[in-house]
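Structure record follows, encoded as structure tokens.
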Amino acid sequence: MSRHKVQPQTSIFSKGYDPQRSEGAACVPVFRTSTFIFPNAAAGKRAFEIAYGLDAMKPGESPALIYTRVNNPNSEIVEDRVTCWDGAEAAALFSSGMGAISSACLSFLRPGDTLVFSDPVYGGTEYFFRHMLPGFGIRTKSFPAGSSKAEMEAMVAGDPTVKVLYIETPANPTLMQTDLRAAREVADAHAAPDSRILVMVDNTMLGPIYCRPLQHGADLVLYSATKFFGGHSDLVAGLALGSRELISRVKVTRTILGSNSDPDTAWLILRSLGTLEIRMEKQQENAIRVVDFLLRHPKVKEVAYPGLDSMGPGQADLHRRQCSGSGSLLSFRVGGGEAEAFKVLDAVREMKLAVSLGGIETLIEHPSTMTHSDMTAAEKARAGIGEDLIRVSVGLEDSEDLVADLTQALDAL
Ligand SMILES: Cc1ncc(COP(=O)(O)O)c(C=O)c1O
């Protein structure tokens, strides 16, 4: 008899939690504690042997709780549950998306190594790559998001120092997509002998519902969990997912750098996981309505949204192969420059003028002077971040109200 396979949307309500170990509480309690009491000294010794990698875990053994910077039940339950969607062996929860990205990079890069990244990436990631990693002797170079396999290959071939291929797809804020299978093939074809080029993917924009990079050859998936996982603009967190082996190395970095999350934040994420899929679906439905409106508006010059034919050669095809939906992030150009974009931003009434994305309320912002303001003018021009570009993260408001809001805001032009 074939066994019924439980879907992620069901597993996320029970995975990783045994109510009988918490007085039968149906809802996971908040384990607000910095430290955990060992039953005896030998158990304490064993807990450290495993946590510090001094001895391998035996079959059936699991890491004991020690100290909340190392592990905590709320974080561990989030980690167990989020693996359901991406199909990962393991996950690590962080204090922010930047905590996840920086800790993952510092786990695998050493002085003399090179990281190659798709451009643009989120502004904080860009700063870390261009201004901080070089200070540790780690070189970085970039290729335009949406590059072909041959263009990616040109960045990696003949350079044995390349150890990480980092891809943000769709890219923030241009929403250009990069081919993950091609990245995997390039990484495998050009790794130095006895080493591997890790493919790391920032999947914040579409994941984990509309894109699952591990299925397309990625080694590590990274998230700003501040966005869709939290979903209510009330917390900051990050995630890394991948094989048990890679995630255990990332967790050592997290423990030592202290980039772990806290029990209250982890609990809020747990509460949000149950509605993640339904939120993303409804936000996408609203975004499609807004995109449809913008595409027809005479004052709108260009609309970027994953899957549109107008995104450029090969983009719609790639979208069909790599993603199962387009999500709720979009950007559009109004023509002119900063002054024109600001007129629209200052005129919205229902949308909120704020950075971040993936929350239940619609946020609108100006990438050139806000999220991506650290980039030089030349870098912005190369990445397609013009002064007239506006980014919208569509929320759960009534979509006709959002269209009416944009209608009156565009009238300000
Ligand atoms: C695509 C992407 N990755 C990473 C981050 C950083 O995440 P956090 O703000 O949670 O550190 C952001 C933040 O906006 C983002 O948009």
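Convention: chains lettered A, B, ... in structure tokens order; per-chain residue numbering from 1; ligands numbered from 1 as shown.
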(request) Could you please write out, as a list in words, every residue of range 277-353 of chain A that DSSP assigns to strand (DSSP E or B)? (result) Glu302, Val303, Ala304, Cys323, Leu329, Leu330, Ser331, Phe332, Arg333, Lys352 and Leu353 of chain A
How would you report the residues lying within 7 Å of ligand 1, as an mmCIF file with N, CA and C atoms, in the first residue's frame, if you count only C-alpha atoms and all ligand atoms?
data_model
loop_
_atom_site.group_PDB
_atom_site.id
_atom_site.type_symbol
_atom_site.label_atom_id
_atom_site.label_comp_id
_atom_site.auth_asym_id
_atom_site.auth_seq_id
_atom_site.Cartn_x
_atom_site.Cartn_y
_atom_site.Cartn_z
ATOM 1 N N SER A 96 18.815 38.010 11.513
ATOM 2 C CA SER A 96 18.392 38.832 10.365
ATOM 3 C C SER A 96 18.810 38.119 9.080
ATOM 4 N N GLY A 97 18.274 38.604 7.961
ATOM 5 C CA GLY A 97 18.718 38.073 6.681
ATOM 6 C C GLY A 97 20.213 38.333 6.497
ATOM 7 N N MET A 98 20.679 39.513 6.891
ATOM 8 C CA MET A 98 22.108 39.829 6.764
ATOM 9 C C MET A 98 22.937 38.920 7.666
ATOM 10 N N GLY A 99 22.382 38.551 8.823
ATOM 11 C CA GLY A 99 23.079 37.600 9.706
ATOM 12 C C GLY A 99 23.257 36.263 8.997
ATOM 13 N N VAL A 121 22.100 42.932 -6.091
ATOM 14 C CA VAL A 121 21.610 42.194 -4.940
ATOM 15 C C VAL A 121 21.083 43.237 -3.957
ATOM 16 N N TYR A 122 20.428 42.782 -2.917
ATOM 17 C CA TYR A 122 19.942 43.704 -1.882
ATOM 18 C C TYR A 122 21.099 44.612 -1.421
ATOM 19 N N GLY A 124 22.285 45.848 1.351
ATOM 20 C CA GLY A 124 23.149 45.425 2.465
ATOM 21 C C GLY A 124 24.102 44.329 2.031
ATOM 22 N N THR A 125 23.606 43.423 1.207
ATOM 23 C CA THR A 125 24.443 42.331 0.694
ATOM 24 C C THR A 125 25.540 42.915 -0.187
ATOM 25 N N GLU A 168 21.084 36.152 -6.354
ATOM 26 C CA GLU A 168 19.803 36.615 -5.821
ATOM 27 C C GLU A 168 18.840 36.581 -7.002
ATOM 28 N N ASN A 172 16.621 41.991 -6.493
ATOM 29 C CA ASN A 172 15.990 43.142 -5.843
ATOM 30 C C ASN A 172 16.710 44.408 -6.303
ATOM 31 N N ASP A 202 19.929 33.627 -2.660
ATOM 32 C CA ASP A 202 18.995 34.416 -1.845
ATOM 33 C C ASP A 202 17.620 34.281 -2.489
ATOM 34 N N THR A 204 14.694 35.148 -1.101
ATOM 35 C CA THR A 204 13.736 35.942 -0.321
ATOM 36 C C THR A 204 12.493 36.320 -1.112
ATOM 37 N N MET A 205 12.672 36.651 -2.388
ATOM 38 C CA MET A 205 11.580 37.241 -3.168
ATOM 39 C C MET A 205 10.443 36.277 -3.475
ATOM 40 N N TYR A 223 17.531 33.352 3.243
ATOM 41 C CA TYR A 223 16.322 34.177 3.278
ATOM 42 C C TYR A 223 16.474 35.323 4.251
ATOM 43 N N SER A 224 15.868 36.450 3.905
ATOM 44 C CA SER A 224 15.492 37.393 4.925
ATOM 45 C C SER A 224 14.131 36.910 5.406
ATOM 46 N N ALA A 225 14.087 36.306 6.601
ATOM 47 C CA ALA A 225 12.813 35.811 7.148
ATOM 48 C C ALA A 225 11.976 36.965 7.686
ATOM 49 N N THR A 226 12.578 38.146 7.701
ATOM 50 C CA THR A 226 11.864 39.388 8.013
ATOM 51 C C THR A 226 10.682 39.571 7.063
ATOM 52 N N VAL A 236 12.548 40.894 12.709
ATOM 53 C CA VAL A 236 13.701 40.807 11.812
ATOM 54 C C VAL A 236 14.357 39.449 12.050
ATOM 55 N N ALA A 237 14.578 38.673 10.985
ATOM 56 C CA ALA A 237 15.180 37.342 11.129
ATOM 57 C C ALA A 237 15.706 36.861 9.787
ATOM 58 N N GLY A 238 16.501 35.792 9.826
ATOM 59 C CA GLY A 238 17.045 35.229 8.583
ATOM 60 C C GLY A 238 17.121 33.722 8.668
ATOM 61 N N SER A 356 11.574 47.449 2.987
ATOM 62 C CA SER A 356 11.188 46.079 3.348
ATOM 63 C C SER A 356 10.103 45.591 2.395
ATOM 64 N N LEU A 357 9.732 44.363 2.541
ATOM 65 C CA LEU A 357 8.805 43.727 1.598
ATOM 66 C C LEU A 357 8.253 42.456 2.231
#
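For the choices A:Val252, A:Val348, A:Val303, A:Leu165, the atom-to-atom distance to Asn71 in chain A is smallest for A:Val252 when using only C-alpha atoms.
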(request) Give me the residues within 10 Å of range 278-282 of chain A as a list of chain:residue names, counting only C-alpha atoms and dropping any in the same chain fewer than 3 places off. (result)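 Residues near the query, excluding close chain neighbours: A:Gln9, A:Leu206, A:Gly207, A:Pro208, A:Ile209, A:Tyr210, A:Phe228, A:Phe229, A:Gly231, A:Ser272, A:Leu273, A:Gly274, A:Thr275, A:Glu285, A:Asn286, A:Ala287, A:Ile288, A:Gly325, A:Ser326, A:Gly327, A:Ser328, A:Gly358, A:Gly359, A:Ile360, A:Val394, A:Gly395, A:Leu396, A:Glu397, A:Ser399.
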Include C-alpha atoms and write out the residues we just selected as a short mmCIF file (atom, residue, chain, number, x, y, z; two decimals), in the first residue's frame.
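Saved file result_23.cif follows:
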data_model
loop_
_atom_site.label_atom_id
_atom_site.label_comp_id
_atom_site.auth_asym_id
_atom_site.auth_seq_id
_atom_site.Cartn_x
_atom_site.Cartn_y
_atom_site.Cartn_z
CA GLN A 9 1.26 22.99 4.54
CA LEU A 206 9.71 34.09 -4.24
CA GLY A 207 10.52 31.44 -1.71
CA PRO A 208 9.69 29.06 -0.37
CA ILE A 209 6.30 28.84 -2.12
CA TYR A 210 7.18 29.89 -5.69
CA PHE A 228 7.38 36.54 3.88
CA PHE A 229 8.23 34.12 6.70
CA GLY A 231 5.02 38.38 7.03
CA SER A 272 3.35 33.04 10.85
CA LEU A 273 4.29 29.77 9.13
CA GLY A 274 0.71 28.47 9.08
CA THR A 275 -0.44 31.39 6.92
CA GLU A 285 -3.26 37.68 -6.78
CA ASN A 286 -3.29 41.34 -5.70
CA ALA A 287 0.08 41.98 -7.35
CA ILE A 288 -1.16 40.57 -10.67
CA GLY A 325 4.59 31.76 -9.38
CA SER A 326 5.54 35.42 -9.74
CA GLY A 327 5.09 36.64 -6.18
CA SER A 328 4.10 40.09 -4.97
CA GLY A 358 6.71 40.59 2.00
CA GLY A 359 4.46 41.95 4.78
CA ILE A 360 0.67 42.00 4.77
CA VAL A 394 1.95 44.25 -2.58
CA GLY A 395 0.08 43.27 0.56
CA LEU A 396 -3.36 42.02 1.49
CA GLU A 397 -5.45 45.19 1.09
CA SER A 399 -6.72 45.19 -4.77
#
(request) Rank A:Ile77, A:Glu365, A:Leu239, A:Lys343 by their smallest atom-to-atom distance to Asp18 in chain A, using only C-alpha atoms, and report the top residue only. (result)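 Selected residue with least distance to Asp18 in chain A: A:Ile77.
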(message) Give me, as a VMD selection string, all polymer residues having an atom no more than 7 Å from Asp219 in chain A, counting only C-alpha atoms and skipping those fewer than 4 positions away in the same chain.
(response) chain A and resid 198 to 200 214 242
Print the selection's residues with C-alpha atoms to a file, as a PDB file, in the first residue's frame.
ATOM      1  CA  LEU A 198      29.144  26.477  -3.576  1.00  0.00           C
ATOM      2  CA  VAL A 199      26.034  27.909  -5.204  1.00  0.00           C
ATOM      3  CA  MET A 200      24.261  30.121  -2.660  1.00  0.00           C
ATOM      4  CA  LEU A 214      17.761  23.278  -3.879  1.00  0.00           C
ATOM      5  CA  GLY A 242      20.860  23.115   2.883  1.00  0.00           C
TER       6      GLY A 242
END
(request) Enumerate as a PyMOL selection string all residues of range 7-142 of chain A assigned to alpha helix (DSSP H) by DSSP on the backbone, naming them with the chain letters and numbers the document uses. (result) chain A and resi 8-11+41-51+73-86+97-108+123-127
With a distance cut-off of 12 Å and only C-alpha atoms, select the neighbouring residues of Val250 in chain A, excluding the residue or stretch itself and same-chain residues fewer than 5 positions from it, and output the selection as an mmCIF file with N, CA and C atoms, in the first residue's frame.
data_model
loop_
_atom_site.group_PDB
_atom_site.id
_atom_site.type_symbol
_atom_site.label_atom_id
_atom_site.label_comp_id
_atom_site.auth_asym_id
_atom_site.auth_seq_id
_atom_site.Cartn_x
_atom_site.Cartn_y
_atom_site.Cartn_z
ATOM 1 N N VAL A 70 23.514 28.942 21.212
ATOM 2 C CA VAL A 70 23.843 27.720 20.467
ATOM 3 C C VAL A 70 22.578 27.107 19.871
ATOM 4 N N ALA A 90 18.429 20.418 6.490
ATOM 5 C CA ALA A 90 18.570 21.177 7.740
ATOM 6 C C ALA A 90 18.443 22.669 7.473
ATOM 7 N N ALA A 91 18.197 23.408 8.558
ATOM 8 C CA ALA A 91 18.070 24.872 8.453
ATOM 9 C C ALA A 91 18.693 25.524 9.680
ATOM 10 N N ALA A 92 19.058 26.786 9.534
ATOM 11 C CA ALA A 92 19.569 27.563 10.669
ATOM 12 C C ALA A 92 18.852 28.902 10.691
ATOM 13 N N LEU A 93 18.342 29.261 11.856
ATOM 14 C CA LEU A 93 17.628 30.535 12.006
ATOM 15 C C LEU A 93 18.595 31.606 12.512
ATOM 16 N N PHE A 94 18.478 32.817 11.978
ATOM 17 C CA PHE A 94 19.399 33.908 12.325
ATOM 18 C C PHE A 94 18.646 35.142 12.816
ATOM 19 N N GLY A 99 22.382 38.551 8.823
ATOM 20 C CA GLY A 99 23.079 37.600 9.706
ATOM 21 C C GLY A 99 23.257 36.263 8.997
ATOM 22 N N ALA A 100 22.216 35.813 8.286
ATOM 23 C CA ALA A 100 22.289 34.538 7.567
ATOM 24 C C ALA A 100 23.294 34.630 6.421
ATOM 25 N N ILE A 101 23.223 35.733 5.659
ATOM 26 C CA ILE A 101 24.084 35.882 4.474
ATOM 27 C C ILE A 101 25.554 36.006 4.897
ATOM 28 N N SER A 102 25.818 36.881 5.873
ATOM 29 C CA SER A 102 27.219 37.086 6.271
ATOM 30 C C SER A 102 27.771 35.834 6.949
ATOM 31 N N SER A 103 26.969 35.183 7.801
ATOM 32 C CA SER A 103 27.475 33.987 8.485
ATOM 33 C C SER A 103 27.728 32.863 7.480
ATOM 34 N N ALA A 104 26.832 32.717 6.499
ATOM 35 C CA ALA A 104 27.031 31.657 5.496
ATOM 36 C C ALA A 104 28.310 31.930 4.702
ATOM 37 N N CYS A 105 28.500 33.168 4.267
ATOM 38 C CA CYS A 105 29.701 33.484 3.470
ATOM 39 C C CYS A 105 30.967 33.268 4.292
ATOM 40 N N LEU A 106 30.951 33.730 5.552
ATOM 41 C CA LEU A 106 32.163 33.613 6.377
ATOM 42 C C LEU A 106 32.431 32.163 6.777
ATOM 43 N N SER A 107 31.444 31.286 6.628
ATOM 44 C CA SER A 107 31.667 29.868 6.943
ATOM 45 C C SER A 107 32.504 29.183 5.859
ATOM 46 N N PHE A 108 32.445 29.700 4.625
ATOM 47 C CA PHE A 108 33.042 28.945 3.527
ATOM 48 C C PHE A 108 34.119 29.718 2.761
ATOM 49 N N LEU A 109 34.312 30.987 3.068
ATOM 50 C CA LEU A 109 35.308 31.775 2.326
ATOM 51 C C LEU A 109 36.501 32.084 3.218
ATOM 52 N N LEU A 220 23.058 26.073 -0.930
ATOM 53 C CA LEU A 220 22.488 26.755 0.232
ATOM 54 C C LEU A 220 21.426 27.740 -0.227
ATOM 55 N N VAL A 221 20.325 27.794 0.510
ATOM 56 C CA VAL A 221 19.279 28.792 0.243
ATOM 57 C C VAL A 221 19.259 29.749 1.425
ATOM 58 N N LEU A 222 19.217 31.038 1.111
ATOM 59 C CA LEU A 222 19.241 32.057 2.159
ATOM 60 C C LEU A 222 17.987 32.918 2.076
ATOM 61 N N LEU A 239 17.291 33.084 7.515
ATOM 62 C CA LEU A 239 17.369 31.623 7.464
ATOM 63 C C LEU A 239 18.419 31.185 6.456
ATOM 64 N N ALA A 240 19.071 30.059 6.762
ATOM 65 C CA ALA A 240 19.910 29.373 5.779
ATOM 66 C C ALA A 240 19.454 27.924 5.752
ATOM 67 N N LEU A 241 19.324 27.342 4.566
ATOM 68 C CA LEU A 241 18.887 25.945 4.444
ATOM 69 C C LEU A 241 19.814 25.207 3.485
ATOM 70 N N GLY A 242 20.017 23.919 3.761
ATOM 71 C CA GLY A 242 20.860 23.115 2.883
ATOM 72 C C GLY A 242 21.073 21.736 3.455
ATOM 73 N N SER A 243 22.211 21.139 3.102
ATOM 74 C CA SER A 243 22.502 19.797 3.617
ATOM 75 C C SER A 243 22.871 19.897 5.097
ATOM 76 N N ARG A 244 22.751 18.742 5.790
ATOM 77 C CA ARG A 244 23.097 18.713 7.223
ATOM 78 C C ARG A 244 24.548 19.183 7.419
ATOM 79 N N GLU A 245 25.415 18.717 6.519
ATOM 80 C CA GLU A 245 26.841 19.019 6.682
ATOM 81 C C GLU A 245 27.113 20.536 6.557
ATOM 82 N N THR A 255 27.059 30.459 16.109
ATOM 83 C CA THR A 255 27.305 30.400 17.557
ATOM 84 C C THR A 255 28.425 31.352 17.955
ATOM 85 N N ILE A 256 29.476 31.391 17.145
ATOM 86 C CA ILE A 256 30.646 32.193 17.539
ATOM 87 C C ILE A 256 30.422 33.682 17.240
ATOM 88 N N LEU A 257 29.775 33.999 16.124
ATOM 89 C CA LEU A 257 29.505 35.414 15.832
ATOM 90 C C LEU A 257 28.292 35.930 16.614
ATOM 91 N N GLY A 258 27.478 35.022 17.128
ATOM 92 C CA GLY A 258 26.289 35.443 17.878
ATOM 93 C C GLY A 258 25.200 35.991 16.986
ATOM 94 N N SER A 259 25.073 35.440 15.775
ATOM 95 C CA SER A 259 24.051 35.948 14.848
ATOM 96 C C SER A 259 22.757 35.133 14.952
ATOM 97 N N ASN A 260 22.582 34.466 16.100
ATOM 98 C CA ASN A 260 21.364 33.673 16.336
ATOM 99 C C ASN A 260 20.138 34.566 16.571
#
(message) Would you pick out the contacts of range 139-151 of chain A at 8 Å or less, using only C-alpha atoms, so that residues sharing its chain but fewer than 3 positions from it are not included, and give the list as JSON, numbers by chain?
(response) {"A": [112, 113, 114, 115, 116, 117, 118, 119, 120, 129, 130, 133, 134, 154, 155, 167, 168, 169, 171, 176, 177, 178, 179, 182, 183, 186, 315, 382, 383]}
(request) Report the distance between CA of Leu54 in chain A and CA of Ala41 in chain A in Å, rounded to one decimal place. (result) 16.8 Å
(request) Using only C-alpha atoms, determine which residues lie at most 7 Å from range 20-31 of chain A, disregarding the query and same-chain residues fewer than 5 positions distant; provide the list as an MDAnalysis selection string. (result) chainID A and resid 73:74 263:264 267
Pull N, CA and C atoms from the residues just selected and write them as an mmCIF file, in the first residue's frame.
data_model
loop_
_atom_site.group_PDB
_atom_site.id
_atom_site.type_symbol
_atom_site.label_atom_id
_atom_site.label_comp_id
_atom_site.auth_asym_id
_atom_site.auth_seq_id
_atom_site.Cartn_x
_atom_site.Cartn_y
_atom_site.Cartn_z
ATOM 1 N N PRO A 73 14.662 25.664 21.789
ATOM 2 C CA PRO A 73 13.543 24.921 21.194
ATOM 3 C C PRO A 73 12.761 25.731 20.161
ATOM 4 N N ASN A 74 12.509 27.011 20.411
ATOM 5 C CA ASN A 74 11.720 27.790 19.450
ATOM 6 C C ASN A 74 12.442 27.893 18.105
ATOM 7 N N PRO A 263 14.166 33.574 21.294
ATOM 8 C CA PRO A 263 12.956 32.746 21.397
ATOM 9 C C PRO A 263 11.681 33.474 21.002
ATOM 10 N N ASP A 264 11.538 34.746 21.356
ATOM 11 C CA ASP A 264 10.290 35.460 21.026
ATOM 12 C C ASP A 264 10.132 35.629 19.518
ATOM 13 N N TRP A 267 9.278 32.381 17.968
ATOM 14 C CA TRP A 267 7.867 32.046 18.231
ATOM 15 C C TRP A 267 6.942 32.798 17.272
#
(message) So, with only C-alpha atoms as the atoms that count, which of A:Asp401, A:Glu126, A:Asp86, A:Asp411 lies closest to Cys211 in chain A?
(response) A:Asp86
(request) Would you mind reading off the distance between CA of His131 in chain A and CA of Pro111 in chain A, one decimal, in Å? (result)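 So the two atoms, CA of His131 in chain A and CA of Pro111 in chain A, lie 14.6 Å apart.
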(request) One decimal, Å: what's the distance from CA of Ser233 in chain A over to CA of Arg349 in chain A, could you say? (result) 18.6 Å
